[in-house]
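Colleague: Pasting a structure here, questions to come.
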Amino acid sequence: MLSTYFQAGGLVDSVINQGLPAPIDIQVSGNDLDQSFAIASQIAAKVKGLKNVSDVLIPQNLRFPGLELNIDRERASLIGLSPKEVVDNVITALTSNG
């Protein structure tokens, strides 16, 4: 299976889409990834059937490897970090080419 997504980018797209990746952005979240993906697939199938919809994309693919972080919130807070800041720093470290 191959999934591709292209967006021209730029200020105009950002303003029109209010910073979201598409004009209509539906997000499904939950603790069970398989169940959330199944629900997202059901929604996508229904949206694809709408008359004026040209493209529907579920950007997450559950078959890719993942990384699970176990953050001790108390210890992180002792050095002034929130869990979000820890995750942001890990993402930066993993995607940086520096």
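Residues in the structure tokens are numbered from 1 in each chain, the chains being A, B, ... in the order shown, and ligands are numbered from 1 in the order shown.
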Excluding same-chain residues fewer than 6 positions from Ser29 of chain A, what lies within 12 Å of it counting only C-alpha atoms, as a list in words?

Modeller: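 Contacts, with the query itself left out: Gln35, Ser36, Phe37, Ala38, Ile39, Ala40 and Gln60 of chain A.
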
Colleague: Hey, can you spit out that residue selection with all heavy atoms as a PDB file, in the first residue's frame?

Modeller:
```
ATOM      1  N   GLN A  35      -8.855   0.236  17.153  1.00  0.00           N
ATOM      2  CA  GLN A  35     -10.261   0.650  17.152  1.00  0.00           C
ATOM      3  C   GLN A  35     -10.391   2.073  16.590  1.00  0.00           C
ATOM      4  O   GLN A  35     -11.287   2.338  15.793  1.00  0.00           O
ATOM      5  CB  GLN A  35     -10.838   0.584  18.560  1.00  0.00           C
ATOM      6  CG  GLN A  35     -12.307   0.948  18.617  1.00  0.00           C
ATOM      7  CD  GLN A  35     -12.865   0.933  20.033  1.00  0.00           C
ATOM      8  OE1 GLN A  35     -12.143   1.165  20.984  1.00  0.00           O
ATOM      9  NE2 GLN A  35     -14.148   0.647  20.160  1.00  0.00           N
ATOM     10  N   SER A  36      -9.492   2.972  16.975  1.00  0.00           N
ATOM     11  CA  SER A  36      -9.535   4.345  16.461  1.00  0.00           C
ATOM     12  C   SER A  36      -9.337   4.359  14.951  1.00  0.00           C
ATOM     13  O   SER A  36     -10.003   5.102  14.229  1.00  0.00           O
ATOM     14  CB  SER A  36      -8.462   5.202  17.133  1.00  0.00           C
ATOM     15  OG  SER A  36      -8.712   5.310  18.510  1.00  0.00           O
ATOM     16  N   PHE A  37      -8.404   3.523  14.454  1.00  0.00           N
ATOM     17  CA  PHE A  37      -8.163   3.456  13.017  1.00  0.00           C
ATOM     18  C   PHE A  37      -9.390   2.911  12.293  1.00  0.00           C
ATOM     19  O   PHE A  37      -9.752   3.392  11.214  1.00  0.00           O
ATOM     20  CB  PHE A  37      -6.934   2.600  12.717  1.00  0.00           C
ATOM     21  CG  PHE A  37      -6.519   2.645  11.277  1.00  0.00           C
ATOM     22  CD1 PHE A  37      -5.820   3.734  10.781  1.00  0.00           C
ATOM     23  CD2 PHE A  37      -6.840   1.616  10.412  1.00  0.00           C
ATOM     24  CE1 PHE A  37      -5.440   3.795   9.448  1.00  0.00           C
ATOM     25  CE2 PHE A  37      -6.464   1.655   9.084  1.00  0.00           C
ATOM     26  CZ  PHE A  37      -5.763   2.746   8.602  1.00  0.00           C
ATOM     27  N   ALA A  38     -10.058   1.920  12.880  1.00  0.00           N
ATOM     28  CA  ALA A  38     -11.273   1.356  12.278  1.00  0.00           C
ATOM     29  C   ALA A  38     -12.370   2.415  12.188  1.00  0.00           C
ATOM     30  O   ALA A  38     -13.053   2.536  11.164  1.00  0.00           O
ATOM     31  CB  ALA A  38     -11.747   0.149  13.075  1.00  0.00           C
ATOM     32  N   ILE A  39     -12.513   3.207  13.248  1.00  0.00           N
ATOM     33  CA  ILE A  39     -13.521   4.280  13.250  1.00  0.00           C
ATOM     34  C   ILE A  39     -13.166   5.330  12.199  1.00  0.00           C
ATOM     35  O   ILE A  39     -14.023   5.794  11.450  1.00  0.00           O
ATOM     36  CB  ILE A  39     -13.641   4.904  14.652  1.00  0.00           C
ATOM     37  CG1 ILE A  39     -14.271   3.890  15.617  1.00  0.00           C
ATOM     38  CG2 ILE A  39     -14.464   6.193  14.611  1.00  0.00           C
ATOM     39  CD1 ILE A  39     -14.190   4.298  17.081  1.00  0.00           C
ATOM     40  N   ALA A  40     -11.878   5.703  12.134  1.00  0.00           N
ATOM     41  CA  ALA A  40     -11.435   6.686  11.140  1.00  0.00           C
ATOM     42  C   ALA A  40     -11.698   6.162   9.726  1.00  0.00           C
ATOM     43  O   ALA A  40     -12.111   6.924   8.835  1.00  0.00           O
ATOM     44  CB  ALA A  40      -9.956   7.004  11.334  1.00  0.00           C
ATOM     45  N   GLN A  60      -2.105   8.618   9.174  1.00  0.00           N
ATOM     46  CA  GLN A  60      -1.385   7.654  10.001  1.00  0.00           C
ATOM     47  C   GLN A  60      -1.550   6.258   9.423  1.00  0.00           C
ATOM     48  O   GLN A  60      -2.644   5.854   9.085  1.00  0.00           O
ATOM     49  CB  GLN A  60      -1.887   7.659  11.453  1.00  0.00           C
ATOM     50  CG  GLN A  60      -1.439   8.843  12.245  1.00  0.00           C
ATOM     51  CD  GLN A  60      -2.318  10.058  12.029  1.00  0.00           C
ATOM     52  OE1 GLN A  60      -3.350   9.975  11.391  1.00  0.00           O
ATOM     53  NE2 GLN A  60      -1.909  11.184  12.554  1.00  0.00           N
TER      54      GLN A  60
END
```

Colleague: Could you build a table of the residues in segment 54-80 of chain A lying no more than 12 Å from segment 87-97 of chain A, giving for each the nearest pair of atoms and their separation in Å rounded to one decimal place, using only C-alpha atoms, ordered by chain and ascending residue number, as a tab-separated table?

Modeller:
```
residue	atom	partner	partner_atom	distance
A:Leu67	CA	A:Val90	CA	10.2
A:Glu68	CA	A:Val87	CA	10.3
A:Leu69	CA	A:Val87	CA	8.1
A:Asn70	CA	A:Val87	CA	10.3
A:Ile71	CA	A:Val87	CA	9.0
A:Arg73	CA	A:Val87	CA	11.9
A:Ala76	CA	A:Val87	CA	11.4
```

Colleague: Using only C-alpha atoms, which residues sit within 12 Å of Ile26 of chain A once same-chain residues fewer than 6 positions away are excluded, as a PDB file with C-alpha atoms, in the first residue's frame?

Modeller:
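Writing the result to selection.pdb gives the following:
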```
ATOM      1  CA  LEU A  20      -4.827  22.585   9.357  1.00  0.00           C
ATOM      2  CA  ILE A  39     -13.521   4.280  13.250  1.00  0.00           C
ATOM      3  CA  ALA A  40     -11.435   6.686  11.140  1.00  0.00           C
ATOM      4  CA  SER A  41     -11.731   4.281   8.182  1.00  0.00           C
ATOM      5  CA  ILE A  43     -15.731   7.948   8.672  1.00  0.00           C
ATOM      6  CA  ALA A  44     -13.422   8.212   5.638  1.00  0.00           C
ATOM      7  CA  VAL A  47     -17.006  11.150   3.597  1.00  0.00           C
ATOM      8  CA  VAL A  56      -9.909  11.757   1.675  1.00  0.00           C
ATOM      9  CA  LEU A  57      -6.697  10.868   3.492  1.00  0.00           C
ATOM     10  CA  ILE A  58      -5.924   9.078   6.753  1.00  0.00           C
ATOM     11  CA  PRO A  59      -2.306  10.191   7.302  1.00  0.00           C
TER      12      PRO A  59
END
```

Colleague: Between atom CA of Leu33 of chain A and atom CA of Gly66 of chain A, what is the distance, to one decimal in Å?

Modeller: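 Distance reported for this atom pair: 11.7 Å.
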
Colleague: Counting only C-alpha atoms, which residue out of A:Ser54, A:Asp72, A:Lys84, A:Arg63 sits closest to Ile24 of chain A?

Modeller: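 That would be A:Ser54, the residue with the smallest distance to Ile24 of chain A.
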
Colleague: Mind giving me the straight-line distance from atom CA of Asp34 of chain A to atom CA of Lys46 of chain A in Å, one decimal?

Modeller: 18.6 Å
